[in-house]
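Take a look at the structure below.
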Amino acid sequence: MSDDSEQPAGMADGPHWLGHRERLRHRFREGGPDAIADYELLELLLFRAMPRRDVKPIAKELLRKFGSFAEVIAAPEARLCEVSGIGASAVIEFKIVLAAANRLTKGKVKGRTVLQSWSTVLDYCRSTMAFGAIEQFRVLFLDKKNGLIADEVQQSGTVDHTPVYPREVVKRALELSASALVLVHNHPSGDPTPSQADITMTRQIIDIAKPLGIDIHDHIIVGKAGHISFRAARLL
């Protein structure tokens with residue numbers, strides 16, 4: 001559905017939402033992000049996409065449908081456009097924010113010793129994957145000093161399954177001369193509890209990698225409800 005850019009009828013001094021926009025921008029400038037609610041942050045993004053429309057009802061409907069600001073920003077374009085009023089311009093604004101957040105968290109990880117900045121790694125994994133609509137399996141490839149060589153999505157799947165090929169994972173590690181790996185995947189259901197298939201797949205990768213001198217530092221599953229570390233759960 002295309003964005004509605006027609007100006008609604010209003011009083012002689014302009015529609016009511018013009019004053020609301022300025023007040024909301026002022027509150028954000030003065031108080032920062034903690035001064036506004038999630039739907040108001042969405043409004044600020046929608047202002048640019050819909051310059052001549054009251055966007056508060058749309059912002060509230062987005063939150064009702066998806067649950068949180070993060071879930072709105074990460075939602076697939078097709079599902080976003082199911083909300084009346086949302087079109088390409090609004091989707092682009094959301095995806096710019098998502099890309100910026102991912103770049104920011106990735107920048108904090110890149111060039112640092114991964115195991116000494118573990119909380120930053122977890123933040124990065126959650127921001128990039130926790131709210132995805134399909135399962136993805138990614139690998140952080142580390143050097144001998146546990147610095148990040150590369151961060152690659154190896155496979156994408158469906159809402160509840162991603163095909164993972166252990167030999168291909170290890171082959172890529174050898175190509176990059178990686179000494180260790182951190183495996184990461186998401187559960188779109190929100191529950192990060194590992195399945196038996198997750199545990200079996202992890203063990204297969206370990207069994208292939210270990211004789212080649214490649215360590216598996218951890219396997220992290222992220223979801224909206226949090227994350228689970230295989231190492232912390234003693235599954236490695």
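Each chain of the structure tokens is named A, B, ... in the order shown, its residues numbered from 1; ligands are numbered from 1 in display order.
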Fewer than 3 positions away in the same chain doesn't count, so skip those; otherwise give me all residues within 6 Å of range 221-236 of chain A, counting only C-alpha atoms, as a list in words.
Ala130, Val184, His185, Asn186, His187, Gly190, Asp191, Pro192 and Asp218 of chain A
Gln155 in chain A surroundings by only C-alpha atoms, 7 Å radius, close-in-sequence under 6 positions cut, as an mmCIF file with all heavy atoms, in the first residue's frame:
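around.cif written:
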data_model
loop_
_atom_site.group_PDB
_atom_site.id
_atom_site.type_symbol
_atom_site.label_atom_id
_atom_site.label_comp_id
_atom_site.auth_asym_id
_atom_site.auth_seq_id
_atom_site.Cartn_x
_atom_site.Cartn_y
_atom_site.Cartn_z
ATOM 1 N N GLN A 136 18.557 -17.670 10.769
ATOM 2 C CA GLN A 136 19.840 -17.471 10.106
ATOM 3 C C GLN A 136 20.928 -18.112 10.946
ATOM 4 O O GLN A 136 20.854 -18.110 12.172
ATOM 5 C CB GLN A 136 20.164 -15.989 9.920
ATOM 6 C CG GLN A 136 19.396 -15.297 8.820
ATOM 7 C CD GLN A 136 19.933 -13.899 8.558
ATOM 8 O OE1 GLN A 136 20.488 -13.267 9.444
ATOM 9 N NE2 GLN A 136 19.768 -13.421 7.349
ATOM 10 N N PHE A 137 21.936 -18.633 10.266
ATOM 11 C CA PHE A 137 23.092 -19.206 10.950
ATOM 12 C C PHE A 137 24.311 -18.416 10.513
ATOM 13 O O PHE A 137 24.616 -18.353 9.319
ATOM 14 C CB PHE A 137 23.250 -20.681 10.596
ATOM 15 C CG PHE A 137 24.429 -21.348 11.250
ATOM 16 C CD1 PHE A 137 24.356 -21.793 12.560
ATOM 17 C CD2 PHE A 137 25.625 -21.519 10.554
ATOM 18 C CE1 PHE A 137 25.448 -22.399 13.164
ATOM 19 C CE2 PHE A 137 26.715 -22.128 11.150
ATOM 20 C CZ PHE A 137 26.623 -22.568 12.465
ATOM 21 N N THR A 162 17.044 -23.870 9.743
ATOM 22 C CA THR A 162 18.097 -23.420 8.839
ATOM 23 C C THR A 162 19.003 -24.608 8.534
ATOM 24 O O THR A 162 19.535 -25.226 9.462
ATOM 25 C CB THR A 162 18.953 -22.308 9.472
ATOM 26 O OG1 THR A 162 18.128 -21.207 9.817
ATOM 27 C CG2 THR A 162 20.021 -21.841 8.499
ATOM 28 N N PRO A 163 19.191 -24.938 7.272
ATOM 29 C CA PRO A 163 20.114 -26.035 6.958
ATOM 30 C C PRO A 163 21.552 -25.595 7.199
ATOM 31 O O PRO A 163 21.981 -24.545 6.716
ATOM 32 C CB PRO A 163 19.857 -26.298 5.468
ATOM 33 C CG PRO A 163 19.353 -24.989 4.942
ATOM 34 C CD PRO A 163 18.581 -24.359 6.062
ATOM 35 N N VAL A 164 22.291 -26.369 7.973
ATOM 36 C CA VAL A 164 23.687 -26.057 8.274
ATOM 37 C C VAL A 164 24.539 -27.245 7.837
ATOM 38 O O VAL A 164 24.214 -28.395 8.145
ATOM 39 C CB VAL A 164 23.893 -25.773 9.773
ATOM 40 C CG1 VAL A 164 25.374 -25.523 10.070
ATOM 41 C CG2 VAL A 164 23.058 -24.572 10.206
#
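Of the listed residues A:Lys144, A:Arg53, A:His26, A:Arg103, the one whose atoms come nearest to Ser177 in chain A is A:Lys144, with distances taken using only C-alpha atoms.
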Check your understanding: Residues at most 8 Å from Ile73 in chain A, counting only C-alpha atoms, excluding those fewer than 4 positions away in the same chain, as a list of chain:residue names?
Key ->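 Counting only the stated atoms, we get A:Phe69, A:Phe94, A:Lys95, A:Val97, A:Leu98.
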Note to self: Excluding Met201 in chain A and its own-chain neighbours fewer than 2 positions away, which residues fall within 12 Å of it when counting only C-alpha atoms? Please give them as number ranges by chain.
What the structure shows: A: 137, 162-167, 169, 183, 185, 194-199, 203-208, 219, 235-236
Let me see the file: selected residues, C-alpha atoms, as a PDB file, in the first residue's frame.
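Output (part-v1.pdb):
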ATOM      1  CA  PHE A 137      23.092 -19.206  10.950  1.00  0.00           C
ATOM      2  CA  THR A 162      18.097 -23.420   8.839  1.00  0.00           C
ATOM      3  CA  PRO A 163      20.114 -26.035   6.958  1.00  0.00           C
ATOM      4  CA  VAL A 164      23.687 -26.057   8.274  1.00  0.00           C
ATOM      5  CA  TYR A 165      26.496 -27.996   6.625  1.00  0.00           C
ATOM      6  CA  PRO A 166      29.270 -28.572   9.178  1.00  0.00           C
ATOM      7  CA  ARG A 167      31.947 -29.375   6.592  1.00  0.00           C
ATOM      8  CA  VAL A 169      31.558 -24.169   7.978  1.00  0.00           C
ATOM      9  CA  LEU A 183      28.487 -19.991  16.073  1.00  0.00           C
ATOM     10  CA  HIS A 185      21.758 -18.470  15.142  1.00  0.00           C
ATOM     11  CA  PRO A 194      18.325 -25.162  21.878  1.00  0.00           C
ATOM     12  CA  SER A 195      16.692 -28.086  20.119  1.00  0.00           C
ATOM     13  CA  GLN A 196      18.252 -31.522  19.900  1.00  0.00           C
ATOM     14  CA  ALA A 197      19.059 -30.726  16.258  1.00  0.00           C
ATOM     15  CA  ASP A 198      20.944 -27.606  17.394  1.00  0.00           C
ATOM     16  CA  ILE A 199      22.987 -29.665  19.854  1.00  0.00           C
ATOM     17  CA  ARG A 203      28.727 -31.444  18.049  1.00  0.00           C
ATOM     18  CA  GLN A 204      29.246 -32.316  14.371  1.00  0.00           C
ATOM     19  CA  ILE A 205      31.061 -29.033  13.741  1.00  0.00           C
ATOM     20  CA  ILE A 206      33.251 -29.579  16.821  1.00  0.00           C
ATOM     21  CA  ASP A 207      34.125 -33.114  15.726  1.00  0.00           C
ATOM     22  CA  ILE A 208      35.239 -31.900  12.273  1.00  0.00           C
ATOM     23  CA  HIS A 219      27.294 -21.416  20.076  1.00  0.00           C
ATOM     24  CA  LEU A 235      26.511 -28.024  26.156  1.00  0.00           C
ATOM     25  CA  LEU A 236      29.990 -27.773  24.620  1.00  0.00           C
TER      26      LEU A 236
END
